[in-house]
>>> print(open('target03.cif').read())   # mmCIF, C-alpha atoms
data_structure
loop_
_atom_site.label_atom_id
_atom_site.label_comp_id
_atom_site.auth_asym_id
_atom_site.auth_seq_id
_atom_site.Cartn_x
_atom_site.Cartn_y
_atom_site.Cartn_z
CA MET N 1 112.02 72.41 159.64
CA THR N 2 113.44 72.82 156.13
CA ASP N 3 116.87 73.24 154.62
CA GLU N 4 117.30 76.13 157.07
CA THR N 5 118.87 73.48 159.30
CA CYS N 6 121.89 73.58 157.00
CA GLN N 7 122.55 77.13 158.11
CA GLN N 8 123.55 75.95 161.60
CA SER N 9 127.18 75.87 160.48
CA PRO N 10 129.05 79.10 159.76
CA GLY N 11 129.52 80.28 156.22
CA PRO N 12 127.55 79.51 153.05
CA SER N 13 125.71 76.18 152.80
CA GLY N 14 126.30 73.76 149.93
CA PRO N 15 125.84 70.06 149.13
CA GLY N 16 128.95 69.12 151.12
CA ASP N 17 128.29 71.34 154.13
CA PRO N 18 126.95 69.90 157.38
CA CYS N 19 123.19 69.74 157.79
CA GLY N 20 120.85 68.42 160.41
CA TRP N 21 120.06 64.72 160.10
CA ARG N 22 116.48 65.42 159.04
CA VAL N 23 117.51 67.26 155.89
CA ALA N 24 120.41 64.90 155.20
CA THR N 25 118.19 61.82 155.54
CA GLU N 26 115.48 63.25 153.32
CA ARG N 27 118.03 63.81 150.56
CA ALA N 28 119.71 60.44 151.02
CA LEU N 29 116.51 58.39 151.03
CA TYR N 30 114.17 60.30 148.76
CA GLY N 31 116.24 62.80 146.77
CA GLU N 32 117.55 62.23 143.27
CA GLY N 33 118.99 58.71 143.19
CA GLY N 34 117.79 58.21 146.78
CA PHE N 35 118.07 54.86 148.49
CA TYR N 36 114.32 54.22 148.62
CA LEU N 37 113.79 55.10 144.98
CA ARG N 38 116.02 52.31 143.70
CA PRO N 39 114.39 49.51 141.66
CA GLU N 40 115.21 46.75 144.19
CA GLY N 41 113.27 48.50 146.94
CA PRO N 42 113.66 47.86 150.67
CA ALA N 43 113.41 44.07 150.24
CA GLY N 44 116.72 44.15 148.43
CA HIS N 45 118.49 45.20 151.62
CA PHE N 46 116.59 44.00 154.68
CA ARG N 47 113.82 41.69 155.78
CA THR N 48 110.65 42.91 157.46
CA SER N 49 107.78 40.90 158.93
CA VAL N 50 106.12 41.08 155.52
CA HIS N 51 109.03 39.24 153.92
CA ALA N 52 109.53 36.83 156.83
CA SER N 53 106.26 34.95 156.36
CA PRO N 54 102.90 35.10 154.55
CA LEU N 55 101.40 34.63 158.02
CA PHE N 56 101.88 38.36 158.57
CA ALA N 57 99.78 39.30 155.54
CA GLY N 58 97.24 36.71 156.61
CA ALA N 59 96.98 38.37 160.02
CA VAL N 60 96.46 41.78 158.40
CA ALA N 61 93.77 40.23 156.21
CA ARG N 62 91.98 38.93 159.31
CA LEU N 63 92.25 42.35 160.93
CA LEU N 64 90.74 43.91 157.81
CA THR N 65 87.77 41.54 157.90
CA GLU N 66 87.22 42.40 161.57
CA VAL N 67 87.30 46.12 160.78
CA ALA N 68 84.93 45.60 157.86
CA ALA N 69 82.47 43.72 160.07
CA GLY N 70 82.38 46.66 162.46
CA LEU N 71 81.75 49.14 159.66
CA GLY N 72 78.77 47.35 158.15
CA PRO N 73 77.83 46.75 154.48
CA GLY N 74 79.78 48.15 151.58
CA PRO N 75 83.36 48.08 150.29
CA VAL N 76 86.20 48.63 152.75
CA ASP N 77 89.47 50.47 152.16
CA LEU N 78 92.91 49.00 152.82
CA VAL N 79 95.71 51.58 152.75
CA ASP N 80 99.35 50.50 153.06
CA VAL N 81 101.53 53.49 153.98
CA GLY N 82 105.17 53.06 153.01
CA ALA N 83 104.19 50.19 150.75
CA GLY N 84 107.66 49.28 149.48
CA ARG N 85 106.95 47.40 146.27
CA GLY N 86 103.46 46.31 147.23
CA GLU N 87 104.44 43.05 148.96
CA LEU N 88 102.04 43.40 151.89
CA LEU N 89 99.03 44.38 149.80
CA THR N 90 99.72 41.53 147.39
CA GLY N 91 99.79 39.08 150.29
CA VAL N 92 96.66 40.48 151.93
CA LEU N 93 94.66 40.34 148.70
CA ALA N 94 95.70 36.72 148.25
CA ALA N 95 94.63 35.89 151.81
CA LEU N 96 91.20 37.53 151.73
CA PRO N 97 88.06 35.48 151.02
CA ALA N 98 87.03 35.37 147.38
CA GLY N 99 84.87 38.33 146.44
CA PHE N 100 85.75 40.35 149.55
CA PRO N 101 84.84 43.99 148.71
CA VAL N 102 88.12 45.83 149.20
CA ARG N 103 89.70 48.93 147.66
CA ALA N 104 93.47 48.65 148.02
CA TYR N 105 95.80 51.67 148.04
CA ALA N 106 99.60 51.66 148.16
CA VAL N 107 101.11 54.94 149.40
CA GLU N 108 104.75 55.09 148.33
CA ARG N 109 107.13 57.69 146.90
CA ALA N 110 108.85 55.22 144.56
CA ALA N 111 107.37 54.42 141.16
CA ARG N 112 104.76 51.70 140.75
CA PRO N 113 106.51 48.37 140.18
CA ALA N 114 105.88 46.43 136.98
CA GLY N 115 103.47 43.54 137.22
CA LEU N 116 101.71 44.71 140.39
CA ASP N 117 98.15 43.46 140.90
CA GLY N 118 95.83 45.76 138.97
CA ARG N 119 93.47 45.99 141.95
CA ILE N 120 96.07 48.06 143.82
CA SER N 121 95.90 51.82 143.34
CA TRP N 122 99.41 53.32 143.56
CA ARG N 123 99.64 56.79 145.11
CA ALA N 124 102.31 59.21 146.30
CA SER N 125 100.06 60.60 149.03
CA LEU N 126 97.30 59.42 151.33
CA PRO N 127 93.75 59.24 150.00
CA SER N 128 91.11 61.09 151.99
CA GLY N 129 87.93 59.75 153.50
CA ILE N 130 89.33 56.29 154.24
CA ARG N 131 86.77 53.85 155.56
CA GLY N 132 88.59 50.74 156.67
CA LEU N 133 92.15 49.87 157.69
CA LEU N 134 95.24 52.04 157.35
CA PHE N 135 98.38 49.99 157.95
CA ALA N 136 101.90 51.40 158.20
CA ASN N 137 104.57 48.71 158.58
CA GLU N 138 108.03 50.18 159.23
CA TRP N 139 107.05 53.54 157.80
CA LEU N 140 107.56 55.90 160.72
CA ASP N 141 111.16 54.78 161.29
CA ASN N 142 111.97 56.23 157.87
CA VAL N 143 110.27 59.56 158.44
CA PRO N 144 113.40 61.74 158.71
CA VAL N 145 114.17 63.34 162.07
CA ASP N 146 116.92 65.48 163.53
CA VAL N 147 119.31 64.22 166.19
CA ALA N 148 120.36 66.05 169.36
CA GLU N 149 123.32 65.40 171.64
CA ALA N 150 124.12 66.77 175.08
CA ASP N 151 127.43 68.66 175.03
CA PRO N 152 129.98 68.53 177.92
CA ASP N 153 127.87 71.06 179.83
CA GLY N 154 124.69 69.01 179.36
CA VAL N 155 123.24 71.41 176.77
CA ALA N 156 121.27 69.63 174.02
CA ARG N 157 122.67 70.64 170.65
CA LEU N 158 121.65 69.76 167.10
CA VAL N 159 123.91 67.14 165.50
CA LEU N 160 125.12 68.16 162.05
CA VAL N 161 126.34 65.67 159.45
CA ARG N 162 128.18 65.80 156.14
CA PRO N 163 127.40 63.45 153.21
CA ASP N 164 130.42 61.32 154.21
CA GLY N 165 128.91 60.73 157.67
CA THR N 166 131.21 63.09 159.61
CA GLN N 167 129.28 64.62 162.50
CA THR N 168 129.68 67.81 164.53
CA LEU N 169 127.59 69.64 167.11
CA GLY N 170 125.66 72.71 166.06
CA ALA N 171 123.58 75.27 167.92
CA PRO N 172 121.49 74.45 170.99
CA VAL N 173 118.08 73.04 170.13
CA SER N 174 115.20 75.48 170.32
CA GLY N 175 111.54 75.86 169.47
CA ALA N 176 109.59 72.71 168.66
CA ASP N 177 112.75 70.58 168.95
CA ALA N 178 113.43 71.73 172.51
CA GLU N 179 109.78 71.37 173.50
CA TRP N 180 109.58 67.80 172.18
CA LEU N 181 112.80 66.76 173.90
CA ALA N 182 111.70 68.24 177.22
CA ARG N 183 108.39 66.35 177.03
CA TRP N 184 109.48 63.01 175.56
CA TRP N 185 113.25 62.50 175.70
CA PRO N 186 115.14 64.88 178.02
CA LEU N 187 118.92 64.99 177.59
CA SER N 188 121.37 66.02 180.29
CA GLU N 189 124.17 63.46 180.53
CA PRO N 190 127.09 64.59 178.32
CA GLY N 191 127.27 62.52 175.14
CA SER N 192 123.70 61.20 175.39
CA ARG N 193 121.66 61.40 172.21
CA ALA N 194 118.03 61.48 171.09
CA GLU N 195 116.14 61.46 167.82
CA ILE N 196 113.72 64.42 167.83
CA GLY N 197 110.45 62.72 167.00
CA TRP N 198 107.87 65.44 166.42
CA PRO N 199 107.91 65.04 162.59
CA ARG N 200 106.79 61.44 163.14
CA ASP N 201 104.09 62.55 165.55
CA GLU N 202 102.80 64.93 162.89
CA ALA N 203 103.06 62.32 160.12
CA TRP N 204 101.06 59.82 162.16
CA ALA N 205 98.43 62.39 163.13
CA GLY N 206 98.03 63.20 159.44
CA ALA N 207 97.64 59.53 158.56
CA VAL N 208 95.02 58.97 161.25
CA GLY N 209 93.27 62.15 160.13
CA SER N 210 92.73 60.64 156.68
CA LEU N 211 90.39 58.06 158.23
CA ASP N 212 86.66 58.75 158.33
CA ALA N 213 86.03 55.45 160.12
CA GLY N 214 88.04 52.35 160.92
CA VAL N 215 91.43 51.52 162.39
CA ALA N 216 94.96 52.83 161.85
CA VAL N 217 97.96 50.68 162.80
CA ALA N 218 101.65 51.62 162.87
CA VAL N 219 104.16 48.80 163.31
CA ASP N 220 107.78 49.64 164.07
CA TYR N 221 110.87 49.17 166.19
CA ALA N 222 109.89 51.29 169.15
CA HIS N 223 110.74 52.56 172.62
CA THR N 224 108.69 54.32 175.24
CA SER N 225 109.25 56.86 178.00
CA GLY N 226 111.40 55.45 180.77
CA SER N 227 113.30 53.14 178.43
CA ARG N 228 114.81 55.49 175.88
CA PRO N 229 118.23 54.37 174.60
CA LEU N 230 121.00 56.46 176.13
CA PHE N 231 122.76 57.09 172.82
CA GLY N 232 119.77 57.00 170.46
CA THR N 233 119.12 54.45 167.74
CA LEU N 234 120.19 56.08 164.48
CA SER N 235 121.61 53.40 162.19
CA GLY N 236 122.15 52.34 158.59
CA PHE N 237 121.37 49.14 156.68
CA ARG N 238 122.67 47.84 153.38
CA ASP N 239 122.62 44.37 151.79
CA GLY N 240 121.14 42.79 154.90
CA ARG N 241 123.78 44.18 157.28
CA GLU N 242 123.81 47.00 159.78
CA VAL N 243 126.27 49.72 158.74
CA SER N 244 127.23 53.21 159.87
CA PRO N 245 124.55 55.74 158.86
CA VAL N 246 126.08 57.72 156.02
CA PRO N 247 123.64 60.08 154.26
CA ASP N 248 125.00 59.70 150.73
CA GLY N 249 122.23 57.46 149.35
CA SER N 250 124.28 54.27 149.74
CA CYS N 251 122.29 52.84 152.67
CA ASP N 252 119.01 52.98 154.51
CA ILE N 253 118.96 55.44 157.40
CA THR N 254 116.59 54.57 160.17
CA ALA N 255 115.90 55.16 163.86
CA HIS N 256 113.49 53.49 166.25
CA VAL N 257 110.22 55.29 166.94
CA ALA N 258 108.93 56.87 170.15
CA LEU N 259 105.50 55.38 169.53
CA ASP N 260 104.12 56.66 172.82
CA ALA N 261 104.77 60.20 171.59
CA CYS N 262 102.97 59.45 168.32
CA ALA N 263 99.92 57.97 170.06
CA LEU N 264 96.72 60.00 169.95
CA PRO N 265 94.06 59.85 172.69
CA GLY N 266 92.52 56.39 172.97
CA ALA N 267 95.39 54.61 171.24
CA GLU N 268 96.61 51.16 172.26
CA LEU N 269 100.30 50.22 172.23
CA VAL N 270 101.14 46.50 172.33
CA PRO N 271 104.09 44.31 171.26
CA GLN N 272 103.79 42.48 167.96
CA ARG N 273 103.70 39.08 169.69
CA SER N 274 100.49 40.09 171.48
CA ALA N 275 98.89 41.73 168.45
CA LEU N 276 99.55 38.70 166.23
CA ALA N 277 98.35 36.27 168.90
CA ARG N 278 94.99 38.07 168.86
CA LEU N 279 94.91 37.51 165.10
CA GLY N 280 95.58 33.79 165.36
CA VAL N 281 99.34 33.68 164.75
CA SER N 282 100.89 31.15 167.13
CA GLY N 283 104.33 29.60 167.27
CA ALA N 284 103.02 26.50 169.05
CA ARG N 285 104.26 23.23 167.55
CA PRO N 286 101.60 20.94 166.05
CA PRO N 287 100.77 17.78 168.05
CA LEU N 288 103.07 14.83 167.40
CA SER N 289 100.01 12.68 166.78
CA LEU N 290 99.49 14.60 163.54
CA ALA N 291 102.82 13.25 162.26
CA SER N 292 101.32 9.76 162.27
CA SER N 293 97.82 10.58 161.03
CA ASP N 294 98.79 13.11 158.35
CA PRO N 295 102.57 13.47 157.86
CA ALA N 296 102.27 16.02 155.05
CA GLU N 297 100.00 18.26 157.11
CA TYR N 298 102.34 17.90 160.09
CA VAL N 299 105.27 19.16 158.00
CA ARG N 300 103.22 22.12 156.78
CA ALA N 301 102.04 22.92 160.30
CA LEU N 302 105.58 22.65 161.64
CA ALA N 303 106.86 25.07 158.98
CA GLY N 304 104.06 27.50 159.82
CA ALA N 305 104.88 27.28 163.52
CA GLY N 306 108.50 28.13 162.76
CA GLU N 307 107.48 31.18 160.75
CA ALA N 308 105.07 32.27 163.46
CA ALA N 309 107.80 31.86 166.06
CA GLU N 310 110.03 34.24 164.09
CA LEU N 311 107.25 36.84 163.83
CA THR N 312 106.56 36.69 167.57
CA SER N 313 110.02 36.04 169.00
CA ARG N 314 111.34 37.99 171.98
CA GLY N 315 114.47 39.92 171.07
CA GLY N 316 113.35 39.87 167.43
CA LEU N 317 110.29 40.74 165.36
CA GLY N 318 107.98 40.02 168.28
CA ASP N 319 109.37 43.09 170.05
CA PHE N 320 108.04 45.47 167.40
CA GLY N 321 105.46 47.90 168.70
CA TRP N 322 101.93 48.04 167.30
CA LEU N 323 100.24 51.43 167.71
CA ILE N 324 96.52 50.82 167.21
CA GLN N 325 94.20 53.79 166.76
CA ARG N 326 90.45 53.34 166.32
CA VAL N 327 88.45 56.11 164.67
#
>>> encode(input="target03.cif", output="structure tokens")
Amino acid sequence: MTDETCQQSPGPSGPGDPCGWRVATERALYGEGGFYLRPEGPAGHFRTSVHASPLFAGAVARLLTEVAAGLGPGPVDLVDVGAGRGELLTGVLAALPAGFPVRAYAVERAARPAGLDGRISWRASLPSGIRGLLFANEWLDNVPVDVAEADPDGVARLVLVRPDGTQTLGAPVSGADAEWLARWWPLSEPGSRAEIGWPRDEAWAGAVGSLDAGVAVAVDYAHTSGSRPLFGTLSGFRDGREVSPVPDGSCDITAHVALDACALPGAELVPQRSALARLGVSGARPPLSLASSDPAEYVRALAGAGEAAELTSRGGLGDFGWLIQRV
């Protein structure tokens, strides 16, 4: 869909007229002065697994070495989609063995930050012919989508929104929107809502399609069929706090991802706690005997266990979904 969504309301369409959430979010996040184009970047407003602990970057580095081993000799690509300000790539490069043959790409619509490691190639779009690991941490939740709501008769209608956050119901959903809802998130109970996820499905398919060989991983807040939230998940974040989603550029606008809908044939979907455990991240406390034999190492190990526990916690970061696609 395009700005045609804005024509769902009667009369001429202008900047203050109601639009579908997909168009409104695109403008608010990536338009002129958009939230994600600000100098402070996402880290200035919320904390992801990347910011929670260097253990996360270390785990991605281990995954990259595993992928490289399966591909055989030669340099391996590491592509970070939705790279923020390059924090994950910086951490992974620091965690890799000296001399590891990697080509690092950051895919991000914001400008390249000053002082970024010169080994990182900064791009606005995906490279082609990737041979290695494509990693997308909290990218799909910011791919803009429309929202539908069931009216009093149970008819799914497009939700329209003004820049001040005021919402109204538009025309019944149709076409690709209706087909996706019927397959992945049916609405019938009056007042129930859904985020229409096919743009994310297409975005992920395009990302996986850029791989010639290797592994693609998407990490995000997620839900699956049978456990969809009754009223959707659309929300806003600003300065570390959850706020009402207002599409005026003042806050992040995000919604959890139907990762099962994104998954291509052969994909694996696991919680972050399981994925990180495979990569050696454990929240287990170090043995008390270490406190006597090597107190300094015990303190370091205890701090690492605390960080690992945050990354793998139930009800927190450990509940993130990992969509793993091997090519």
>>> closest_residue(input="target03.cif", among="N:Leu234, N:Ala171, N:Leu140, N:Ala309", to="N:Leu323", atoms="all atoms listed in the file")
N:Leu140
>>> resolve_selection(input="target03.cif", expression="the PyMOL selection byres ((chain N and resi 138) around 8)", output="ChimeraX atom specification")
/N:48,82,136-137,139-142,218-221
>>> axis_aligned_box(input="target03.cif", around="stretch 188-191 of chain N", padding_each_side="8 Å", output="JSON")
{"center_x": 124.3, "center_y": 64.3, "center_z": 177.8, "size_x": 21.9, "size_y": 19.5, "size_z": 21.4}
>>> residues_around(input="target03.cif", residues="N:Gly165", least_positions_apart="3", cutoff="7 Å", atoms="all atoms listed in the file", output="ChimeraX atom specification")
/N:161-162,245-247
>>> closest_residue(input="target03.cif", among="N:Phe231, N:Phe135, N:Trp122, N:Trp204", to="N:Glu149", atoms="all atoms listed in the file")
N:Phe231
>>> resolve_selection(input="target03.cif", expression="the PyMOL selection byres ((chain N and resi 253) around 7)", output="list in words")
Thr25, Ser235, Gly236, Phe237, Pro245, Cys251, Asp252 and Thr254 of chain N
>>> residues_near_point(input="target03.cif", point="(81.1, 51.4, 152.6)", cutoff="12 Å", atoms="all atoms listed in the file", output="list in words")
Val67, Ala68, Ala69, Gly70, Leu71, Gly72, Pro73, Gly74, Pro75, Val76, Asp77, Pro101, Val102, Arg103, Gly129, Ile130, Arg131, Gly132, Asp212, Ala213 and Gly214 of chain N
>>> residues_around(input="target03.cif", residues="N:Val79", least_positions_apart="2", cutoff="7 Å", atoms="only C-alpha atoms", output="PDB file with C-alpha atoms, keeping the file's coordinate frame")
ATOM      1  CA  ASP N  77      89.470  50.470 152.160  1.00  0.00           C
ATOM      2  CA  VAL N  81     101.530  53.490 153.980  1.00  0.00           C
ATOM      3  CA  ALA N 104      93.470  48.650 148.020  1.00  0.00           C
ATOM      4  CA  TYR N 105      95.800  51.670 148.040  1.00  0.00           C
ATOM      5  CA  ALA N 106      99.600  51.660 148.160  1.00  0.00           C
ATOM      6  CA  LEU N 133      92.150  49.870 157.690  1.00  0.00           C
ATOM      7  CA  LEU N 134      95.240  52.040 157.350  1.00  0.00           C
ATOM      8  CA  PHE N 135      98.380  49.990 157.950  1.00  0.00           C
TER       9      PHE N 135
END
>>> atom_distance(input="target03.cif", atom1="atom CA of N:Glu307", atom2="atom CA of N:Val143")
28.6 Å
>>> residues_around(input="target03.cif", residues="N:Val50", least_positions_apart="3", cutoff="12 Å", atoms="all atoms listed in the file", output="PyMOL selection string")
chain N and resi 42-43+46-47+53-60+80+83-92+136-138+219+307-308+310-311+317
>>> atom_distance(input="target03.cif", atom1="atom CA of N:Ser282", atom2="atom CA of N:Pro97")
21.0 Å
>>> decode(input="target03.cif", residues="stretch 234-246 of chain N", atoms="N, CA and C atoms", output="mmCIF file, in the first residue's frame")
data_model
loop_
_atom_site.group_PDB
_atom_site.id
_atom_site.type_symbol
_atom_site.label_atom_id
_atom_site.label_comp_id
_atom_site.auth_asym_id
_atom_site.auth_seq_id
_atom_site.Cartn_x
_atom_site.Cartn_y
_atom_site.Cartn_z
ATOM 1 N N LEU N 234 0.193 -2.432 19.269
ATOM 2 C CA LEU N 234 0.722 -1.139 18.850
ATOM 3 C C LEU N 234 1.024 -0.266 20.064
ATOM 4 N N SER N 235 2.235 0.295 20.111
ATOM 5 C CA SER N 235 2.626 1.097 21.264
ATOM 6 C C SER N 235 3.662 2.132 20.852
ATOM 7 N N GLY N 236 3.961 3.032 21.785
ATOM 8 C CA GLY N 236 4.992 4.038 21.574
ATOM 9 C C GLY N 236 6.012 3.991 22.700
ATOM 10 N N PHE N 237 7.239 4.455 22.411
ATOM 11 C CA PHE N 237 8.287 4.541 23.429
ATOM 12 C C PHE N 237 9.047 5.847 23.255
ATOM 13 N N ARG N 238 9.357 6.452 24.391
ATOM 14 C CA ARG N 238 10.134 7.686 24.389
ATOM 15 C C ARG N 238 10.852 7.802 25.725
ATOM 16 N N ASP N 239 12.144 8.129 25.680
ATOM 17 C CA ASP N 239 12.935 8.358 26.894
ATOM 18 C C ASP N 239 12.830 7.192 27.875
ATOM 19 N N GLY N 240 12.831 5.974 27.356
ATOM 20 C CA GLY N 240 12.816 4.801 28.213
ATOM 21 C C GLY N 240 11.460 4.432 28.782
ATOM 22 N N ARG N 241 10.394 5.092 28.365
ATOM 23 C CA ARG N 241 9.062 4.818 28.909
ATOM 24 C C ARG N 241 8.091 4.488 27.782
ATOM 25 N N GLU N 242 7.140 3.619 28.089
ATOM 26 C CA GLU N 242 6.080 3.341 27.144
ATOM 27 C C GLU N 242 5.080 4.487 27.162
ATOM 28 N N VAL N 243 4.700 4.959 25.971
ATOM 29 C CA VAL N 243 3.771 6.083 25.841
ATOM 30 C C VAL N 243 2.730 5.726 24.786
ATOM 31 N N SER N 244 1.690 6.538 24.694
ATOM 32 C CA SER N 244 0.683 6.336 23.652
ATOM 33 C C SER N 244 1.338 6.528 22.282
ATOM 34 N N PRO N 245 1.002 5.684 21.306
ATOM 35 C CA PRO N 245 1.587 5.837 19.976
ATOM 36 C C PRO N 245 0.974 7.029 19.242
ATOM 37 N N VAL N 246 1.743 8.075 19.110
ATOM 38 C CA VAL N 246 1.302 9.280 18.415
ATOM 39 C C VAL N 246 2.236 9.491 17.223
#
